[in-house]
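Trainee: Got work30.cif for you, mmCIF, C-alpha atoms and all ligand atoms:
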```
data_data
loop_
_atom_site.label_atom_id
_atom_site.label_comp_id
_atom_site.auth_asym_id
_atom_site.auth_seq_id
_atom_site.Cartn_x
_atom_site.Cartn_y
_atom_site.Cartn_z
CA MET A 176 -6.12 -6.72 -69.75
CA ALA A 177 -6.16 -4.66 -66.58
CA ASN A 178 -9.29 -3.67 -64.71
CA ILE A 179 -9.56 -0.69 -62.38
CA LEU A 180 -11.63 -0.45 -59.21
CA VAL A 181 -12.62 3.11 -58.30
CA TYR A 182 -13.77 4.11 -54.82
CA ALA A 183 -16.88 6.29 -54.85
CA LEU A 184 -17.60 8.24 -51.69
CA HIS A 185 -21.21 9.20 -51.16
CA TYR A 186 -22.95 11.44 -48.67
CA GLU A 187 -26.61 12.34 -48.20
CA GLY A 188 -27.68 10.61 -51.39
CA ALA A 189 -25.08 12.19 -53.66
CA ILE A 190 -21.74 10.97 -54.97
CA ASN A 191 -18.78 13.15 -54.02
CA LYS A 192 -17.52 15.35 -56.91
CA ASN A 193 -13.94 14.09 -56.65
CA SER A 194 -15.21 10.53 -56.83
CA LEU A 195 -17.16 11.33 -60.01
CA GLY A 196 -13.90 12.69 -61.44
CA ALA A 197 -12.10 9.50 -60.39
CA VAL A 198 -14.76 7.27 -62.00
CA SER A 199 -14.53 9.32 -65.24
CA GLU A 200 -10.74 9.07 -65.19
CA GLY A 201 -10.87 5.36 -64.38
CA ALA A 202 -13.16 4.73 -67.36
CA LYS A 203 -10.82 6.60 -69.71
CA LEU A 204 -7.73 4.76 -68.43
CA ALA A 205 -9.43 1.34 -68.45
CA ALA A 206 -10.36 1.88 -72.12
CA GLU A 207 -6.70 2.65 -72.87
CA LEU A 208 -5.65 -0.52 -71.03
CA GLY A 209 -8.26 -2.60 -72.83
CA GLY A 210 -10.00 -3.35 -69.53
CA GLU A 211 -12.98 -2.12 -67.55
CA ALA A 212 -13.54 0.40 -64.78
CA HIS A 213 -15.77 -0.71 -61.94
CA ALA A 214 -16.78 1.44 -58.98
CA ILE A 215 -17.36 0.42 -55.38
CA LEU A 216 -19.59 2.08 -52.80
CA VAL A 217 -19.55 1.15 -49.13
CA GLY A 218 -22.47 2.12 -46.93
CA GLU A 219 -25.69 1.19 -45.24
CA ASN A 220 -28.72 0.87 -47.51
CA VAL A 221 -27.01 2.47 -50.50
CA PRO A 222 -29.81 3.29 -52.99
CA GLU A 223 -29.49 1.09 -56.07
CA ASP A 224 -30.19 3.99 -58.46
CA LEU A 225 -27.39 6.03 -56.87
CA ALA A 226 -24.93 3.18 -57.44
CA ALA A 227 -26.23 2.55 -60.97
CA SER A 228 -25.87 6.26 -61.85
CA LEU A 229 -22.08 5.81 -61.95
CA GLY A 230 -22.62 4.12 -65.30
CA ARG A 231 -23.08 7.62 -66.74
CA TYR A 232 -19.44 8.38 -65.86
CA GLY A 233 -18.16 5.20 -67.48
CA ALA A 234 -18.30 2.53 -64.74
CA SER A 235 -19.30 -0.72 -66.46
CA LYS A 236 -20.24 -2.32 -63.11
CA VAL A 237 -20.81 -1.00 -59.60
CA LEU A 238 -20.11 -3.07 -56.49
CA VAL A 239 -22.03 -2.21 -53.33
CA ALA A 240 -20.73 -3.42 -49.96
CA GLU A 241 -22.94 -3.12 -46.90
CA GLY A 242 -20.88 -1.56 -44.10
CA PRO A 243 -20.29 1.59 -42.03
CA GLU A 244 -20.08 4.71 -44.17
CA GLY A 245 -17.40 7.36 -44.10
CA LEU A 246 -14.81 5.40 -42.09
CA ALA A 247 -11.57 4.24 -43.67
CA GLN A 248 -10.94 0.78 -42.22
CA PRO A 249 -14.23 -0.87 -43.28
CA VAL A 250 -13.58 0.38 -46.82
CA VAL A 251 -10.07 -1.11 -46.68
CA ASP A 252 -11.68 -4.46 -45.75
CA ALA A 253 -14.29 -4.20 -48.50
CA MET A 254 -11.90 -3.05 -51.23
CA GLY A 255 -9.16 -5.48 -50.16
CA LYS A 256 -11.53 -8.40 -50.65
CA ALA A 257 -13.07 -7.04 -53.86
CA ILE A 258 -9.61 -6.50 -55.39
CA SER A 259 -8.38 -9.99 -54.43
CA ASP A 260 -11.61 -11.69 -55.58
CA GLY A 261 -11.95 -9.65 -58.77
CA GLY A 262 -8.28 -9.63 -59.80
CA TYR A 263 -8.17 -5.85 -60.26
CA SER A 264 -4.82 -4.38 -61.27
CA TYR A 265 -5.41 -0.86 -59.98
CA ALA A 266 -7.42 0.99 -57.33
CA LEU A 267 -8.19 4.63 -58.03
CA PHE A 268 -9.31 7.39 -55.65
CA GLY A 269 -10.24 11.05 -56.13
CA GLY A 270 -8.60 13.53 -53.74
CA GLY A 271 -9.48 14.00 -50.10
CA LEU A 272 -8.30 12.87 -46.71
CA LEU A 273 -10.52 9.77 -46.57
CA GLY A 274 -9.07 8.56 -49.88
CA PHE A 275 -5.54 9.03 -48.51
CA GLU A 276 -6.40 7.01 -45.43
CA ILE A 277 -8.12 4.20 -47.32
CA GLY A 278 -5.41 4.10 -49.99
CA ALA A 279 -2.63 3.87 -47.41
CA GLY A 280 -4.46 1.08 -45.54
CA LEU A 281 -5.12 -0.77 -48.77
CA ALA A 282 -1.47 -0.50 -49.81
CA ALA A 283 -0.45 -2.14 -46.53
CA ARG A 284 -3.17 -4.80 -46.81
CA LEU A 285 -2.27 -5.80 -50.39
CA SER A 286 1.48 -5.07 -50.32
CA ALA A 287 0.68 -2.68 -53.14
CA GLY A 288 2.53 0.38 -54.36
CA VAL A 289 0.76 3.69 -53.80
CA ALA A 290 1.06 7.07 -55.52
CA MET A 291 -0.57 9.98 -53.68
CA GLU A 292 -1.32 13.61 -54.68
CA VAL A 293 -1.38 12.48 -58.30
CA THR A 294 -2.23 15.14 -60.89
CA GLY A 295 -2.20 12.98 -64.02
CA VAL A 296 -2.26 9.32 -65.05
CA ARG A 297 -1.61 7.70 -68.41
CA ALA A 298 -1.57 4.18 -69.80
CA GLU A 299 1.61 2.99 -71.47
CA GLY A 300 2.52 -0.54 -72.52
CA GLY A 301 -0.55 -1.93 -70.77
CA LYS A 302 0.37 -0.31 -67.43
CA LEU A 303 -0.50 2.90 -65.63
CA ILE A 304 2.03 5.62 -64.98
CA ALA A 305 1.10 8.22 -62.38
CA GLU A 306 2.41 11.78 -62.37
CA ARG A 307 3.04 13.46 -59.07
CA PRO A 308 4.36 16.99 -58.52
CA ILE A 309 7.43 17.20 -56.30
CA LEU A 310 9.79 19.88 -54.93
CA GLY A 311 6.97 22.34 -54.25
CA ASP A 312 5.31 21.62 -57.60
CA SER A 313 8.41 22.69 -59.53
CA ALA A 314 8.92 19.23 -61.09
CA ILE A 315 6.85 16.17 -61.95
CA SER A 316 7.89 12.66 -60.96
CA GLU A 317 6.58 9.63 -62.83
CA ILE A 318 5.58 6.60 -60.82
CA ASN A 319 5.51 3.06 -62.24
CA PHE A 320 4.14 0.19 -60.23
CA ARG A 321 6.15 -3.00 -59.73
CA SER A 322 3.57 -4.51 -57.38
CA GLU A 323 0.72 -6.71 -58.57
CA VAL A 324 -1.79 -4.01 -57.60
CA GLY A 325 -1.16 -0.28 -58.01
CA ILE A 326 -3.01 2.33 -55.96
CA VAL A 327 -3.47 5.81 -57.39
CA ILE A 328 -4.84 8.65 -55.26
CA GLY A 329 -5.53 11.92 -57.02
CA ARG A 330 -5.01 15.41 -55.72
CA LEU A 331 -8.28 17.27 -55.02
CA ASN A 332 -9.99 18.19 -58.30
CA ALA A 333 -7.23 16.52 -60.34
CA PHE A 334 -9.62 14.38 -62.38
CA GLU A 335 -12.18 15.97 -64.64
CA ILE A 336 -15.81 14.82 -64.39
CA LYS A 337 -16.94 13.49 -67.78
CA GLU A 338 -20.14 11.74 -68.72
CA SER A 339 -19.15 8.97 -71.10
CA GLY A 340 -21.26 5.94 -70.32
CA SER A 341 -24.56 4.95 -71.80
CA GLY A 342 -26.66 5.04 -68.62
CA ALA A 343 -27.28 2.87 -65.61
CA ALA A 344 -24.55 0.37 -64.72
CA PRO A 345 -25.35 -3.09 -63.37
CA VAL A 346 -25.11 -3.18 -59.58
CA GLU A 347 -23.69 -6.16 -57.69
CA GLN A 348 -23.91 -6.61 -53.92
CA VAL A 349 -20.63 -7.91 -52.48
CA SER A 350 -19.98 -9.22 -48.99
CA PHE A 351 -16.89 -8.85 -46.84
CA GLU A 352 -15.79 -9.46 -43.24
CA LEU A 353 -14.91 -6.55 -40.99
CA SER A 354 -11.48 -6.95 -39.33
CA ALA A 355 -11.58 -6.75 -35.54
CA HIS A 356 -9.85 -3.34 -35.56
CA SER A 357 -12.27 -1.98 -38.14
CA THR A 358 -15.09 -1.91 -35.63
CA GLN A 359 -13.15 0.18 -33.10
CA ALA A 360 -13.98 3.56 -34.66
CA LYS A 361 -17.58 4.72 -34.78
CA MET A 362 -19.06 7.58 -36.73
CA VAL A 363 -20.43 10.05 -34.21
CA THR A 364 -21.52 12.84 -36.53
CA ARG A 365 -20.90 13.52 -40.15
CA GLY A 366 -21.16 16.86 -41.88
CA GLU A 367 -19.41 19.39 -43.97
CA GLN A 368 -17.59 22.06 -42.07
CA ARG A 369 -18.28 25.45 -43.56
CA GLY A 370 -17.80 28.97 -42.39
CA ALA A 371 -20.53 31.53 -42.86
CA ASP A 372 -19.53 32.42 -46.40
CA VAL A 373 -16.95 29.83 -47.33
CA ASP A 374 -17.51 29.21 -51.00
CA ILE A 375 -13.96 29.10 -52.19
CA GLU A 376 -14.54 27.15 -55.38
CA GLY A 377 -16.96 29.76 -56.69
CA ALA A 378 -14.86 32.79 -55.69
CA ASP A 379 -13.01 35.23 -57.97
CA ILE A 380 -11.45 37.07 -55.05
CA LEU A 381 -10.13 35.58 -51.81
CA VAL A 382 -9.09 37.52 -48.75
CA ALA A 383 -6.87 35.02 -46.96
CA GLY A 384 -5.82 35.34 -43.35
CA GLY A 385 -2.91 33.77 -41.49
CA ARG A 386 -1.41 33.71 -38.03
CA GLY A 387 -0.57 37.39 -38.39
CA LEU A 388 -4.25 38.14 -37.69
CA GLY A 389 -3.30 37.47 -34.07
CA LYS A 390 -6.57 35.91 -32.91
CA PRO A 391 -9.70 34.24 -34.34
CA GLU A 392 -11.58 37.55 -34.21
CA GLY A 393 -8.99 38.93 -36.66
CA PHE A 394 -10.90 37.13 -39.40
CA GLN A 395 -13.68 39.71 -39.05
CA MET A 396 -11.38 42.15 -40.86
CA CYS A 397 -11.00 39.66 -43.72
CA GLU A 398 -14.75 39.07 -43.84
CA GLU A 399 -15.45 42.80 -43.90
CA LEU A 400 -13.03 43.31 -46.80
CA ALA A 401 -14.50 40.33 -48.70
CA GLY A 402 -17.97 41.79 -48.02
CA ALA A 403 -16.87 45.16 -49.40
CA PHE A 404 -15.65 43.49 -52.61
CA GLY A 405 -19.07 41.79 -52.74
CA GLY A 406 -20.08 39.33 -55.45
CA ASN A 407 -17.71 36.44 -55.68
CA ALA A 408 -15.36 37.33 -52.83
CA ALA A 409 -14.79 34.93 -49.93
CA VAL A 410 -12.40 34.34 -47.06
CA ALA A 411 -9.61 31.75 -46.97
CA ALA A 412 -7.04 30.68 -44.39
CA THR A 413 -3.68 29.03 -43.82
CA ARG A 414 -3.30 25.67 -42.17
CA ALA A 415 -1.71 27.29 -39.10
CA VAL A 416 -4.94 29.11 -38.26
CA VAL A 417 -7.20 26.24 -39.29
CA ASP A 418 -5.24 23.90 -37.00
CA ALA A 419 -5.58 26.47 -34.22
CA GLY A 420 -9.36 26.39 -34.70
CA TRP A 421 -9.58 30.03 -35.83
CA TYR A 422 -11.33 29.24 -39.13
CA PRO A 423 -12.95 26.17 -40.74
CA TYR A 424 -10.94 23.60 -42.65
CA ALA A 425 -13.14 24.17 -45.71
CA ALA A 426 -11.32 27.50 -46.11
CA GLN A 427 -7.78 26.11 -46.01
CA ILE A 428 -5.59 26.80 -49.03
CA GLY A 429 -2.49 24.79 -49.78
CA GLN A 430 -0.94 21.36 -50.08
CA THR A 431 -3.34 19.75 -47.64
CA GLY A 432 -6.20 22.13 -48.39
CA LYS A 433 -7.67 23.56 -51.58
CA THR A 434 -5.93 24.74 -54.72
CA VAL A 435 -7.24 27.95 -56.25
CA SER A 436 -6.46 30.03 -59.29
CA LEU A 437 -8.41 33.28 -59.14
CA LYS A 438 -8.40 36.92 -60.21
CA LEU A 439 -7.18 38.27 -56.86
CA TYR A 440 -5.61 36.52 -53.87
CA LEU A 441 -5.07 38.93 -51.00
CA ALA A 442 -2.91 37.41 -48.26
CA ALA A 443 -2.95 39.11 -44.87
CA GLY A 444 -0.51 38.02 -42.16
CA ILE A 445 0.63 34.98 -44.15
CA SER A 446 4.33 34.14 -44.30
CA GLY A 447 4.13 32.31 -47.64
CA ALA A 448 5.31 28.80 -46.69
CA ILE A 449 5.81 26.47 -49.66
CA GLN A 450 2.84 24.33 -48.56
CA HIS A 451 0.59 27.42 -48.74
CA LYS A 452 2.14 28.72 -51.96
CA VAL A 453 1.32 25.57 -53.94
CA GLY A 454 -2.37 26.18 -53.34
CA MET A 455 -2.56 29.77 -54.63
CA GLN A 456 0.51 30.61 -56.72
CA SER A 457 -1.27 30.46 -60.07
CA SER A 458 -3.71 33.25 -59.14
CA GLU A 459 -3.70 36.18 -61.58
CA ASN A 460 -2.92 38.86 -58.97
CA ILE A 461 -1.37 38.20 -55.59
CA VAL A 462 -1.35 41.00 -53.04
CA ALA A 463 0.35 40.46 -49.68
CA ILE A 464 0.22 42.45 -46.46
CA ASN A 465 2.96 41.53 -44.00
CA LYS A 466 4.83 43.49 -41.36
CA ASP A 467 8.05 41.63 -42.17
CA ALA A 468 9.65 42.97 -45.36
CA ASN A 469 11.60 39.69 -45.66
CA ALA A 470 8.53 37.42 -45.53
CA PRO A 471 8.77 34.78 -48.32
CA ILE A 472 5.28 35.70 -49.60
CA PHE A 473 6.70 38.90 -51.11
CA GLU A 474 8.86 36.75 -53.43
CA PHE A 475 5.79 35.64 -55.37
CA SER A 476 3.45 38.61 -54.87
CA ASP A 477 2.53 41.08 -57.58
CA LEU A 478 2.05 43.78 -54.98
CA GLY A 479 3.49 43.78 -51.48
CA ILE A 480 2.44 46.04 -48.63
CA VAL A 481 4.83 46.10 -45.67
CA GLY A 482 2.93 47.11 -42.58
CA ASP A 483 0.49 46.22 -39.82
CA LEU A 484 -2.59 44.48 -41.18
CA ASN A 485 -4.65 45.82 -38.26
CA LYS A 486 -4.26 49.28 -39.76
CA ILE A 487 -4.19 48.35 -43.45
CA LEU A 488 -7.16 45.95 -43.72
CA PRO A 489 -9.78 48.38 -42.31
CA LYS A 490 -8.42 51.18 -44.52
CA LEU A 491 -8.55 48.92 -47.55
CA THR A 492 -12.15 47.99 -46.72
CA GLU A 493 -13.09 51.68 -46.50
CA ALA A 494 -11.31 52.40 -49.78
CA VAL A 495 -13.07 49.52 -51.59
CA LYS A 496 -16.45 50.64 -50.22
CA ALA A 497 -15.77 54.23 -51.29
CA LYS A 498 -14.70 53.10 -54.76
CA LYS A 499 -17.84 51.02 -55.11
CA GLY A 500 -19.91 54.03 -54.09
C1 LIG B 1 2.93 18.32 -44.61
C2 LIG B 1 2.54 19.75 -44.41
C3 LIG B 1 1.41 20.21 -45.07
C4 LIG B 1 1.03 21.54 -44.92
N1 LIG B 1 -0.07 21.99 -45.60
C5 LIG B 1 -0.39 23.31 -45.52
C6 LIG B 1 -1.49 23.83 -46.27
O1 LIG B 1 -2.21 23.12 -46.97
N2 LIG B 1 -1.74 25.15 -46.18
C7 LIG B 1 -1.00 26.00 -45.39
O2 LIG B 1 -1.30 27.20 -45.36
N3 LIG B 1 0.01 25.51 -44.65
C8 LIG B 1 0.34 24.20 -44.69
N4 LIG B 1 1.35 23.74 -43.93
C9 LIG B 1 1.94 24.64 -42.91
C10 LIG B 1 2.97 25.62 -43.45
O3 LIG B 1 4.25 25.01 -43.45
C11 LIG B 1 3.05 26.89 -42.57
O4 LIG B 1 3.33 26.51 -41.25
C12 LIG B 1 1.76 27.72 -42.58
O5 LIG B 1 1.33 27.97 -43.90
C13 LIG B 1 2.04 29.03 -41.88
O6 LIG B 1 0.85 29.73 -41.74
P1 LIG B 1 0.84 31.32 -41.55
O7 LIG B 1 1.47 31.96 -42.74
O8 LIG B 1 -0.55 31.69 -41.19
O9 LIG B 1 1.72 31.53 -40.22
P2 LIG B 1 3.18 32.05 -40.01
O10 LIG B 1 4.16 31.29 -40.82
O11 LIG B 1 3.39 32.09 -38.54
O12 LIG B 1 3.19 33.55 -40.58
C14 LIG B 1 2.53 34.63 -40.01
C15 LIG B 1 2.95 35.87 -40.76
O13 LIG B 1 2.22 36.99 -40.28
C16 LIG B 1 3.06 38.11 -40.24
N5 LIG B 1 2.47 39.06 -39.27
C17 LIG B 1 2.40 38.92 -37.91
N6 LIG B 1 1.73 39.96 -37.37
C18 LIG B 1 1.37 40.78 -38.41
C19 LIG B 1 0.70 42.03 -38.49
N7 LIG B 1 0.20 42.63 -37.40
N8 LIG B 1 0.55 42.59 -39.71
C20 LIG B 1 1.04 42.00 -40.84
N9 LIG B 1 1.71 40.81 -40.80
C21 LIG B 1 1.86 40.21 -39.62
C22 LIG B 1 4.39 37.59 -39.84
O14 LIG B 1 5.44 38.45 -40.23
C23 LIG B 1 4.43 36.23 -40.57
O15 LIG B 1 5.06 36.35 -41.84
C24 LIG B 1 1.77 22.42 -44.07
C25 LIG B 1 2.89 21.93 -43.40
C26 LIG B 1 3.27 20.62 -43.57
C27 LIG B 1 4.49 20.13 -42.84
#
```
Please express what this file holds, its structure, as structure tokens.
Mentor:
Amino acid sequence: MANILVYALHYEGAINKNSLGAVSEGAKLAAELGGEAHAILVGENVPEDLAASLGRYGASKVLVAEGPEGLAQPVVDAMGKAISDGGYSYALFGGGLLGFEIGAGLAARLSAGVAMEVTGVRAEGGKLIAERPILGDSAISEINFRSEVGIVIGRLNAFEIKESGSGAAPVEQVSFELSAHSTQAKMVTRGEQRGADVDIEGADILVAGGRGLGKPEGFQMCEELAGAFGGNAAVAATRAVVDAGWYPYAAQIGQTGKTVSLKLYLAAGISGAIQHKVGMQSSENIVAINKDANAPIFEFSDLGIVGDLNKILPKLTEAVKAKKG
């Protein structure tokens, strides 16, 4: 019998969506293993009903550890102790940078194997096997754990949210000691970084900008075009421009950003690096504007426009406005 401990991130009184997916997935896998899925929340004054609500997603017990919220190392301390005390066989995380950081720390703490960017998990012969895309998502590798504890970290949105439990789960307060180094980082502010209209998950059309925009103000052209499309159109970005501070991280598409599959992905001044491609390649229509006819993005675009985006984007905006009347 193998039990699974799932980390549930919470913020402003709500459980993170990826964590709800991870709890749902954990419950399904634990049933296949003949064990149980428990969830753990770390935070200050975590409301009991919030913790108990994870029962709806299949957690049969929820551990609550009093400690600083939103920082990786305290969670490593809390989960490390809970896993050793509780004899869990697996730790499961939804996607997101905090999960990566905690999972990596936990792997070091417990000498455990870790599989990151996982898109699927199955139980076989009483053990979990994680599936992880490799070689730019062109192949899937299967990961078995030889270590006593296996750590599985999903890719963003990899695990579907499913209500399966009967209602509130029992909540148990657990205590743990903070390591000396875990008190070195302090949370200064916490918030979600969003641009004016960044609602990528709900979009049908994305106008994505890259370094070819030349400067942060270049994004105005993308915003104007998205505005002309109206409705469910939004603006996205490459990591190069997000790292340069030109646009918020929430808009980043790709391996370390969001994965989208929409009706229209319009890429302006984007070279088409593999790490960007994996986040948008399954979109129905890909249109690229690039001044370099040999840019890799043209290899996977349905329509390619070779030219200067400074001239093409405003004309496209006018044309869309005219068409819409
Ligand atoms: C581990 C790792 C993870 C990564 N994760 C991501 C990720 O999640 N998402 C991501 O996007 N990247 C990611 N990257 C970075 C990725 O490798 C590329 O560096 C990045 O995508 C390039 O961004 P870009 O296309 O904006 O810039 P560039 O590669 O510099 O391309 C700019 C393009 O603009 C064109 N251009 C220039 N001027 C004009 C003009 N006036 N008109 C038209 N075209 C013009 C150029 O011809 C060029 O093709 C990751 C890298 C690593 C190593």
Trainee: Once you count all atoms listed in the file, what closest atom pair and distance in Å to one decimal does each residue of chain A within 7 Å of ligand LIG 1 (chain B) have, with rows by chain and rising residue number, as CSV?
Mentor:
```
residue,atom,partner,partner_atom,distance
A:Gly384,CA,B:LIG1,O8,6.8
A:Gly385,CA,B:LIG1,O8,3.2
A:Arg386,CA,B:LIG1,O8,3.8
A:Gly387,CA,B:LIG1,C17,3.4
A:Leu388,CA,B:LIG1,C18,6.3
A:Gly389,CA,B:LIG1,N6,6.5
A:Ala412,CA,B:LIG1,O2,6.8
A:Thr413,CA,B:LIG1,O2,3.4
A:Arg414,CA,B:LIG1,C7,4.0
A:Ala415,CA,B:LIG1,O6,4.4
A:Val416,CA,B:LIG1,O8,5.9
A:Gln427,CA,B:LIG1,N2,6.1
A:Ile428,CA,B:LIG1,N2,5.1
A:Gly429,CA,B:LIG1,O1,3.3
A:Gln430,CA,B:LIG1,O1,3.8
A:Thr431,CA,B:LIG1,O1,3.6
A:Gly432,CA,B:LIG1,O1,4.3
A:Ala443,CA,B:LIG1,C20,6.4
A:Gly444,CA,B:LIG1,O13,3.5
A:Ile445,CA,B:LIG1,O7,3.4
A:Ser446,CA,B:LIG1,O15,3.4
A:Gly447,CA,B:LIG1,O7,5.6
A:Ala448,CA,B:LIG1,O5,4.9
A:Ile449,CA,B:LIG1,O3,6.6
A:Gln450,CA,B:LIG1,C5,4.6
A:His451,CA,B:LIG1,O2,3.9
A:Ile464,CA,B:LIG1,C20,5.7
A:Asn465,CA,B:LIG1,N9,3.5
A:Lys466,CA,B:LIG1,C20,4.1
A:Asp467,CA,B:LIG1,O14,4.5
A:Ala470,CA,B:LIG1,O15,5.2
A:Gly482,CA,B:LIG1,C20,5.7
A:Asp483,CA,B:LIG1,N8,3.6
A:Leu484,CA,B:LIG1,N8,3.9
A:Asn485,CA,B:LIG1,N7,5.9
```
Trainee: Can you pull out the residues contacting Ser339 of chain A? Cut-off 9 Å, using only C-alpha atoms, and skip same-chain residues under 2 positions away; I want them as a PDB file with C-alpha atoms, keeping the file's coordinate frame.
Mentor:
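Written file, out-v4.pdb:
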```
ATOM      1  CA  SER A 199     -14.530   9.320 -65.240  1.00  0.00           C
ATOM      2  CA  ALA A 202     -13.160   4.730 -67.360  1.00  0.00           C
ATOM      3  CA  LYS A 203     -10.820   6.600 -69.710  1.00  0.00           C
ATOM      4  CA  GLY A 230     -22.620   4.120 -65.300  1.00  0.00           C
ATOM      5  CA  ARG A 231     -23.080   7.620 -66.740  1.00  0.00           C
ATOM      6  CA  TYR A 232     -19.440   8.380 -65.860  1.00  0.00           C
ATOM      7  CA  GLY A 233     -18.160   5.200 -67.480  1.00  0.00           C
ATOM      8  CA  LYS A 337     -16.940  13.490 -67.780  1.00  0.00           C
ATOM      9  CA  SER A 341     -24.560   4.950 -71.800  1.00  0.00           C
ATOM     10  CA  GLY A 342     -26.660   5.040 -68.620  1.00  0.00           C
TER      11      GLY A 342
END
```
Trainee: Enclose all atoms of segment 405-411 of chain A listed in the file in an axis-aligned box, grow every side by 3 Å, and hand back centre and edge lengths in Å to one decimal, as lines of an AutoDock Vina configuration file.
Mentor:
```
center_x = -14.8
center_y = 36.8
center_z = -51.3
size_x = 16.5
size_y = 16.0
size_z = 14.7
```
Trainee: Out of A:Ile328, A:Ala333, A:Val293, A:Ile215, which residue has the shortest atom-to-atom distance to Ala234 of chain A when counting all atoms listed in the file?
Mentor: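 Looking only at the distances to Ala234 of chain A, the closest residue turns out to be A:Ile215.
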Trainee: Report the distance between atom CA of Leu216 of chain A and atom CA of Thr358 of chain A in Å, rounded to one decimal place.
Mentor: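 If I compute the distance from atom CA of Leu216 of chain A to atom CA of Thr358 of chain A, I get 18.2 Å.
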